[in-house]
Every structure is written in C-alpha cells, then in structure tokens.
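Containing compact mmCIF, C-alpha atoms: coords_19.txt.
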```txt
# COMPACT_ATOMS: atom_id res chain seq x y z
CA MET A 1 66.22 159.15 -69.61
CA ALA A 2 69.69 157.78 -70.37
CA GLU A 3 68.72 154.26 -69.21
CA LYS A 4 65.57 154.33 -71.35
CA ARG A 5 67.70 155.39 -74.34
CA LYS A 6 70.13 152.54 -73.72
CA ASP A 7 67.25 150.06 -73.58
CA GLU A 8 66.04 151.36 -76.94
CA ILE A 9 69.53 151.01 -78.41
CA LEU A 10 69.71 147.42 -77.17
CA ASN A 11 66.31 146.61 -78.65
CA ILE A 12 67.40 148.01 -82.00
CA LEU A 13 70.65 146.02 -81.82
CA ARG A 14 68.84 142.79 -81.02
CA GLU A 15 66.73 143.28 -84.14
CA LYS A 16 69.34 144.63 -86.56
CA LYS A 17 72.61 143.30 -85.02
CA SER A 18 74.39 146.55 -85.93
CA VAL A 19 73.62 150.27 -85.76
CA ARG A 20 75.10 153.57 -86.92
CA ILE A 21 75.47 156.53 -84.58
CA LEU A 22 73.97 158.84 -87.19
CA ASP A 23 70.86 156.67 -87.57
CA LEU A 24 70.44 156.33 -83.80
CA SER A 25 70.77 160.07 -83.40
CA LYS A 26 67.87 160.63 -85.81
CA GLN A 27 65.73 157.81 -84.45
CA LEU A 28 66.18 158.76 -80.78
CA LYS A 29 66.10 162.53 -81.49
CA VAL A 30 69.30 163.26 -79.59
CA SER A 31 72.73 164.49 -80.64
CA ARG A 32 75.38 162.19 -82.05
CA GLU A 33 77.58 163.05 -79.07
CA THR A 34 74.87 161.80 -76.70
CA VAL A 35 74.56 158.54 -78.63
CA ARG A 36 78.35 158.18 -78.72
CA LYS A 37 78.48 158.63 -74.93
CA ASP A 38 75.74 156.03 -74.44
CA ILE A 39 77.58 153.54 -76.65
CA ASN A 40 80.86 154.11 -74.79
CA GLU A 41 79.13 153.42 -71.47
CA MET A 42 77.32 150.38 -72.85
CA GLU A 43 80.54 148.89 -74.14
CA HIS A 44 82.08 149.38 -70.69
CA GLU A 45 79.08 147.54 -69.25
CA GLY A 46 79.61 144.66 -71.69
CA LEU A 47 76.36 145.23 -73.56
CA LEU A 48 77.74 145.82 -77.06
CA LYS A 49 80.89 146.30 -79.10
CA LYS A 50 81.82 149.64 -80.64
CA THR A 51 82.67 149.85 -84.31
CA TYR A 52 83.77 152.76 -86.48
CA GLY A 53 80.72 155.02 -86.60
CA GLY A 54 78.42 152.69 -84.68
CA ALA A 55 78.08 149.49 -82.68
CA VAL A 56 77.31 145.79 -83.09
CA PHE A 57 75.49 143.25 -80.98
CA ASP A 58 78.35 140.82 -80.43
CA GLU A 59 76.51 137.66 -79.43
CA ALA A 60 79.76 135.83 -78.68
CA ASN A 61 80.59 138.31 -75.94
CA VAL A 62 77.22 139.53 -74.66
CA GLU A 63 75.60 137.39 -72.00
CA THR A 64 71.91 136.63 -71.92
CA ASP A 65 69.66 138.39 -69.43
CA TYR A 66 70.07 137.25 -65.83
CA GLU A 67 66.50 136.08 -65.27
CA ARG A 68 66.60 133.96 -68.43
CA ARG A 69 69.94 132.43 -67.49
CA LYS A 70 68.62 131.41 -64.08
CA SER A 71 66.38 128.84 -65.78
CA GLU A 72 69.12 127.47 -68.07
CA ASN A 73 70.74 124.18 -66.95
CA GLN A 74 68.73 124.52 -63.75
CA GLU A 75 68.96 120.87 -62.71
CA GLU A 76 72.72 120.85 -63.12
CA LYS A 77 73.12 124.08 -61.15
CA GLU A 78 71.00 122.58 -58.38
CA LEU A 79 73.31 119.55 -58.11
CA ILE A 80 76.41 121.75 -58.15
CA ALA A 81 74.95 124.04 -55.47
CA GLU A 82 74.03 121.07 -53.29
CA ARG A 83 77.64 119.87 -53.33
CA ALA A 84 79.02 123.36 -52.73
CA PHE A 85 76.72 123.73 -49.72
CA GLN A 86 78.56 120.85 -48.03
CA PHE A 87 81.72 122.97 -47.75
CA ILE A 88 80.02 125.62 -45.60
CA GLU A 89 80.06 125.39 -41.80
CA PRO A 90 78.50 127.53 -39.05
CA GLY A 91 80.70 130.51 -38.23
CA ASP A 92 82.16 130.76 -41.74
CA THR A 93 82.50 133.95 -43.72
CA ILE A 94 81.89 133.31 -47.42
CA TYR A 95 81.83 135.36 -50.61
CA LEU A 96 79.16 134.76 -53.26
CA ASP A 97 80.09 136.29 -56.61
CA TYR A 98 77.45 137.55 -59.05
CA GLY A 99 75.88 134.97 -61.37
CA THR A 100 73.22 132.30 -61.51
CA SER A 101 75.28 129.38 -60.15
CA THR A 102 76.08 131.29 -56.97
CA TYR A 103 72.43 132.32 -56.73
CA ALA A 104 71.49 128.61 -56.75
CA LEU A 105 73.83 128.15 -53.79
CA ALA A 106 72.37 131.19 -52.01
CA GLN A 107 68.92 129.60 -52.24
CA LYS A 108 70.19 126.82 -49.99
CA LEU A 109 71.45 129.28 -47.36
CA VAL A 110 68.19 131.03 -46.50
CA ASP A 111 67.74 129.12 -43.21
CA PHE A 112 71.44 128.76 -42.40
CA GLU A 113 72.46 129.76 -38.86
CA ASP A 114 75.61 131.69 -37.98
CA LEU A 115 77.00 132.63 -41.38
CA THR A 116 78.46 135.83 -42.83
CA VAL A 117 77.83 136.33 -46.54
CA VAL A 118 79.67 138.95 -48.62
CA THR A 119 78.31 139.62 -52.11
CA ASN A 120 77.97 142.07 -54.99
CA SER A 121 74.82 140.41 -56.33
CA ILE A 122 71.52 142.24 -55.86
CA PRO A 123 69.39 139.07 -56.34
CA ILE A 124 71.41 137.33 -53.61
CA VAL A 125 70.94 140.35 -51.33
CA ASP A 126 67.18 140.27 -51.97
CA LEU A 127 67.14 136.54 -51.22
CA LEU A 128 69.10 136.63 -47.95
CA ILE A 129 68.31 140.05 -46.51
CA ARG A 130 65.65 138.70 -44.13
CA SER A 131 67.55 135.55 -43.07
CA SER A 132 68.01 136.01 -39.34
CA GLY A 133 71.00 133.65 -39.11
CA ILE A 134 72.99 135.43 -41.82
CA GLN A 135 75.05 138.59 -41.47
CA LEU A 136 74.99 140.16 -44.92
CA ILE A 137 77.78 142.42 -46.21
CA ILE A 138 77.16 144.22 -49.52
CA LEU A 139 80.22 145.48 -51.37
CA GLY A 140 78.30 148.29 -53.07
CA GLY A 141 79.13 150.20 -56.24
CA ASN A 142 77.55 151.03 -59.57
CA VAL A 143 74.54 148.97 -60.65
CA ARG A 144 74.83 146.86 -63.77
CA LYS A 145 71.19 146.47 -64.66
CA ASN A 146 71.24 143.56 -67.10
CA GLU A 147 73.07 141.44 -64.52
CA ASP A 148 71.64 142.98 -61.31
CA SER A 149 75.13 143.26 -59.90
CA LEU A 150 77.41 145.91 -58.41
CA PHE A 151 80.80 146.97 -59.70
CA GLY A 152 83.20 149.90 -59.77
CA THR A 153 85.80 151.61 -57.58
CA PHE A 154 83.53 151.87 -54.53
CA GLY A 155 82.89 148.13 -54.41
CA LEU A 156 86.52 147.36 -55.21
CA SER A 157 87.67 149.62 -52.38
CA ASN A 158 85.44 147.72 -49.96
CA ALA A 159 86.70 144.38 -51.28
CA ASN A 160 90.25 145.48 -50.48
CA GLU A 161 89.38 145.35 -46.77
CA ILE A 162 87.50 142.03 -46.71
CA PHE A 163 88.91 138.49 -46.38
CA VAL A 164 86.74 135.35 -46.35
CA ASP A 165 87.04 131.64 -45.56
CA ILE A 166 85.52 130.44 -48.85
CA GLY A 167 84.79 132.28 -52.08
CA PHE A 168 82.28 130.82 -54.52
CA PHE A 169 82.53 132.04 -58.10
CA GLY A 170 80.89 131.50 -61.46
CA CYS A 171 82.27 132.23 -64.92
CA ALA A 172 81.40 132.64 -68.58
CA GLY A 173 84.18 130.32 -69.65
CA ILE A 174 87.04 128.19 -68.37
CA SER A 175 89.82 126.65 -70.43
CA PRO A 176 93.45 125.58 -69.90
CA ASN A 177 94.71 128.30 -72.24
CA ALA A 178 92.53 131.27 -71.30
CA GLY A 179 91.98 130.44 -67.63
CA LEU A 180 88.85 131.85 -66.03
CA THR A 181 87.04 134.45 -68.16
CA ASN A 182 83.95 136.62 -67.98
CA TYR A 183 82.10 139.37 -69.83
CA HIS A 184 82.38 142.56 -67.80
CA MET A 185 85.61 144.39 -67.01
CA GLY A 186 84.29 146.11 -63.88
CA GLU A 187 82.95 142.93 -62.34
CA ILE A 188 86.03 140.82 -62.99
CA GLU A 189 88.10 143.32 -60.99
CA ILE A 190 85.98 142.60 -57.92
CA SER A 191 86.00 138.86 -58.65
CA LYS A 192 89.76 138.90 -59.01
CA LYS A 193 90.22 140.75 -55.72
CA MET A 194 87.92 138.39 -53.82
CA ILE A 195 89.58 135.31 -55.34
CA HIS A 196 92.85 136.54 -53.85
CA HIS A 197 91.09 137.32 -50.56
CA SER A 198 89.52 133.85 -50.18
CA SER A 199 91.28 131.13 -48.19
CA THR A 200 89.59 128.56 -50.42
CA VAL A 201 88.42 129.37 -53.96
CA ILE A 202 85.60 127.24 -55.37
CA LEU A 203 84.35 127.57 -58.94
CA LEU A 204 80.78 126.51 -59.73
CA ALA A 205 80.59 125.73 -63.44
CA ASP A 206 78.06 123.81 -65.50
CA GLU A 207 79.25 121.84 -68.53
CA THR A 208 78.57 124.67 -71.00
CA LYS A 209 81.43 126.75 -69.53
CA PHE A 210 84.28 124.32 -70.28
CA GLY A 211 86.47 124.92 -73.28
CA LYS A 212 84.91 128.35 -73.72
CA SER A 213 86.42 131.80 -73.24
CA ALA A 214 84.75 135.20 -72.89
CA LEU A 215 86.17 138.64 -73.50
CA TYR A 216 87.99 139.38 -70.23
CA LYS A 217 90.36 137.21 -68.21
CA THR A 218 89.61 136.97 -64.50
CA VAL A 219 92.43 134.75 -63.19
CA GLU A 220 94.68 131.85 -64.11
CA LEU A 221 93.58 128.29 -63.42
CA GLU A 222 96.23 128.07 -60.71
CA ASP A 223 94.25 130.57 -58.62
CA LEU A 224 91.43 128.03 -58.20
CA ASP A 225 91.36 125.37 -55.48
CA ILE A 226 88.22 123.41 -56.37
CA ILE A 227 85.95 123.14 -59.39
CA ILE A 228 82.47 121.68 -58.93
CA THR A 229 80.69 120.61 -62.10
CA LYS A 230 78.43 117.88 -63.40
CA GLU A 231 80.67 116.80 -66.23
CA THR A 232 83.34 118.17 -68.55
CA LYS A 233 83.55 117.91 -72.30
CA ASP A 234 86.76 115.90 -72.61
CA VAL A 235 89.13 113.87 -70.47
CA GLU A 236 92.27 115.68 -71.61
CA GLU A 237 90.91 118.93 -70.23
CA GLU A 238 90.29 117.24 -66.89
CA TYR A 239 93.94 116.20 -66.72
CA GLU A 240 94.92 119.84 -67.21
CA PHE A 241 93.05 120.78 -64.04
CA VAL A 242 94.55 117.92 -62.04
CA ASP A 243 98.06 118.80 -63.24
CA ARG A 244 97.54 122.30 -61.84
CA ASN A 245 96.58 120.95 -58.40
CA ILE A 246 92.89 121.78 -58.77
CA GLU A 247 90.43 119.40 -57.14
CA LEU A 248 87.77 118.55 -59.72
CA ILE A 249 84.47 117.37 -58.25
CA ARG A 250 81.93 115.94 -60.69
CA VAL A 251 78.46 115.60 -59.21
CA GLU A 252 75.87 113.20 -60.53
CA GLU A 253 72.18 112.65 -60.02
CA GLY A 254 71.42 110.60 -56.95
CA GLY A 255 74.20 112.17 -54.92
CA HIS A 256 77.19 110.29 -56.39
CA GLU A 257 80.35 112.13 -57.27
CA ASP A 258 83.82 111.60 -58.66
CA ASP A 259 87.02 113.36 -57.57
```
Any chance you could give the structure as structure tokens?
Amino acid sequence: MAEKRKDEILNILREKKSVRILDLSKQLKVSRETVRKDINEMEHEGLLKKTYGGAVFDEANVETDYERRKSENQEEKELIAERAFQFIEPGDTIYLDYGTSTYALAQKLVDFEDLTVVTNSIPIVDLLIRSSGIQLIILGGNVRKNEDSLFGTFGLSNANEIFVDIGFFGCAGISPNAGLTNYHMGEIEISKKMIHHSSTVILLADETKFGKSALYKTVELEDLDIIITKETKDVEEEYEFVDRNIELIRVEEGGHEDD
C-alpha cells in the first residue's frame, strides 16, 4: 500500500512539479502524518525534495528511471564497456556498482570463465545469475525500486568484509571541484566503501557526466585510478585529471583510443 501511494505521489509531482501535504492527504485519503512519512522516505531515496508543507520534483537532482537511462547514450556506453572489459582477467574478483554503464559492462561478462562478481545491482544479478563461470556475490540491503539497486546498513556491513581486484563505478557527475557525485545517500555509502576496498578503481562515464555535479559527494577525484570515457567537454578539465594522477582513457569508434 505504501509503495502504491509513493507511486501516486511521484505521478502527481511529475505533472504538477510541487505538492502540498494537505492536498495529498485529501487526494490519497490518508492522514497528513502518513503523507509526511512517505515524503520523508522518498526524500531519503532521492525521489523528491521536501519543502515547508510539501515537496517538489527537483529535476536537477532526481535521476530518470533506470530502464529509460539504459537506452541513453547506448553506443557510447558500449564503447566504454568494451574498453573496460579488457582490464578483466580470469581469476579476478571485481565489483560492479549500480548504474547503466556498469550494466553495459556486465552484458559482456555473461560467458566469462572464472570470475567473481560482487554487486548491489538487481539488473546485474538477473543478468549474471545463470552464468556458470561466474561466482556472484550480492551485497544485499533495502531495495531502491526506481534504480533496482540495494542499499542500507545490511549491504554496507557486507561491503566492510569484501575486497576486490577491480571496482567499476558509474556516477551522476564528475568535476574537478565537486569530485565524484551521485543522487542517493544510501547508495553512495556503499560505493564509497567499495572504492576504498578496490585495488584498482575504474570510473565508466559518458560525456554527459563531465562538469556536472549531483546532490551527494561520493569521493574525491584522487580516489580514482582510471576514467574511461568517449570524450570530455574541455581540455582544461582533462588536465585536472592528469594532474591528479588519474589515467584518462578516451575510446573512439573503430577501437582507437587516446591516453
């Protein structure tokens, strides 16, 4: 019942951009306290932004639905995933963070032999669960339905005990000033932990992520080892990454790349 109510609240927000608790209470036929609780939980999940007496649909800090994002910049994500795949060797243990860029990489791993994959992404679990050559470790936790991912203290507790050879991560934004940023507080805690538990940290980022920042900071740029992208928006920004000892790999159609 609560999830259905939240879906209705989101639908109203998408149409009106802002809502009042009093109006929602009347429309949904529940108490104001129930609506207030729903809004508090939805803000924690990164679905909206609370205001005095209501909530707003903050398009700058609310990501699009996962399935829709999978089809955005698909060709670029494919090229990035192809290059990332080249870092993985039989016997490795890798972490795949939630997101559509890491999902593109997971698609290339279905027939991989002798690989351990740790993830908090339900779509990646669904994709790899029947791959005989892959040992799959799921961090667990609370389900974030609009992203099909897992977060919370249970998953974070499991992440505390796991160390991997390579961690592959996505982001909502990356910039020299803000570092690596994303939308959901619960998920960035797991991302942050696994970044620090990865021997090599690789960011998969299409061109739309550069020079952009989302609501919550994940880590500093210095915590990254490699960034794989198709292109960046300006040369000065590229120098910032190089100055911080990050290897920047730009992939191009036809298999060419620049370092």
- Item | atom CA of Ile88 of chain A to atom CA of Leu248 of chain A, straight-line distance in Å |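 Straight-line distance from atom CA of Leu248 of chain A to atom CA of Ile88 of chain A works out to 17.6 Å.
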- Query: What's the 6 Å shell around segment 116-119 of chain A, counting only C-alpha atoms, without same-chain residues fewer than 2 positions away, as a VMD selection string?
  - Reply: chain A and resid 93 to 97 121 134 to 138
Take the residues from that selection and write them out as a PDB file, keeping the file's coordinate frame, keeping C-alpha atoms.
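out.pdb, freshly written:
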```pdb
ATOM      1  CA  THR A  93      82.500 133.950 -43.720  1.00  0.00           C
ATOM      2  CA  ILE A  94      81.890 133.310 -47.420  1.00  0.00           C
ATOM      3  CA  TYR A  95      81.830 135.360 -50.610  1.00  0.00           C
ATOM      4  CA  LEU A  96      79.160 134.760 -53.260  1.00  0.00           C
ATOM      5  CA  ASP A  97      80.090 136.290 -56.610  1.00  0.00           C
ATOM      6  CA  SER A 121      74.820 140.410 -56.330  1.00  0.00           C
ATOM      7  CA  ILE A 134      72.990 135.430 -41.820  1.00  0.00           C
ATOM      8  CA  GLN A 135      75.050 138.590 -41.470  1.00  0.00           C
ATOM      9  CA  LEU A 136      74.990 140.160 -44.920  1.00  0.00           C
ATOM     10  CA  ILE A 137      77.780 142.420 -46.210  1.00  0.00           C
ATOM     11  CA  ILE A 138      77.160 144.220 -49.520  1.00  0.00           C
TER      12      ILE A 138
END
```
- Query: What does the distance from atom CA of Leu139 of chain A to atom CA of Thr208 of chain A come to in Å, to one decimal?
  - Reply: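 Going from atom CA of Leu139 of chain A over to atom CA of Thr208 of chain A covers 28.7 Å.
Going from atom CA of Gly54 of chain A to atom CA of Lys16 of chain A covers 12.3 Å.
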- Query: What lies within 6 Å of Tyr183 of chain A using only C-alpha atoms, ignoring chain neighbours under 6 positions off, as a ChimeraX atom specification?
  - Reply: /A:214-216
- Note on the structure: Using all atoms listed in the file, the shortest atom-to-atom distance to Asn142 of chain A among A:Pro123, A:Gly179, A:Gly99, A:Gly186 belongs to A:Gly186
- Message: Around the point (74.7, 153.0, -73.5) (coordinates from the file), which residues reach within 12 Å if we count only C-alpha atoms? Answer as a PyMOL selection string.
- Response: chain A and resi 1-11+13+21+24+33-50+54-55+144-146
- Could you tell me which of A:Leu28, A:Ile246, A:Tyr52, A:Ile228 comes closest to Gln86 of chain A if we count all atoms listed in the file?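 Selected residue with least distance to Gln86 of chain A: A:Ile228.
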- Option closest in space to Glu220 of chain A, from A:Val251, A:Leu180, A:Ile190, A:Val242 [counting all atoms listed in the file]: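 Of A:Val251, A:Leu180, A:Ile190, A:Val242, the one nearest Glu220 of chain A is A:Leu180, counting all atoms listed in the file.
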Please report, as lines of an AutoDock Vina configuration file, the centre and edge lengths in Å to one decimal of an axis-aligned box covering all listed atoms of segment 177-184 of chain A with 6 Å per side.
```
center_x = 88.4
center_y = 135.4
center_z = -69.1
size_x = 24.6
size_y = 26.3
size_z = 18.2
```
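Residue nearest Gly211 of chain A, chosen from A:Met194, A:Ile174, A:Ile188, A:Ile249 and counting all atoms listed in the file: A:Ile174.
With only C-alpha atoms as the atoms that count, the residue of A:Ile129, A:Ala178, A:Ile162, A:Ala205 with the shortest distance to Ala104 of chain A is A:Ala205.
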- Pick from A:Glu207, A:Glu189, A:Glu240, A:Glu147: nearest to Val219 of chain A, with only C-alpha atoms counted?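 Of A:Glu207, A:Glu189, A:Glu240, A:Glu147, the one nearest Val219 of chain A is A:Glu189, counting only C-alpha atoms.
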- Near Val110 of chain A, within 10 Å and counting only C-alpha atoms, which residues show up once chain neighbours fewer than 6 positions away are dropped, as a ChimeraX atom specification? /A:127-134
Keeping only C-alpha atoms, write the selected residues to a file as a PDB file, in the frame of the given file.
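Okay, selection_18.pdb is ready:
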```
ATOM      1  CA  LEU A 127      67.140 136.540 -51.220  1.00  0.00           C
ATOM      2  CA  LEU A 128      69.100 136.630 -47.950  1.00  0.00           C
ATOM      3  CA  ILE A 129      68.310 140.050 -46.510  1.00  0.00           C
ATOM      4  CA  ARG A 130      65.650 138.700 -44.130  1.00  0.00           C
ATOM      5  CA  SER A 131      67.550 135.550 -43.070  1.00  0.00           C
ATOM      6  CA  SER A 132      68.010 136.010 -39.340  1.00  0.00           C
ATOM      7  CA  GLY A 133      71.000 133.650 -39.110  1.00  0.00           C
ATOM      8  CA  ILE A 134      72.990 135.430 -41.820  1.00  0.00           C
TER       9      ILE A 134
END
```
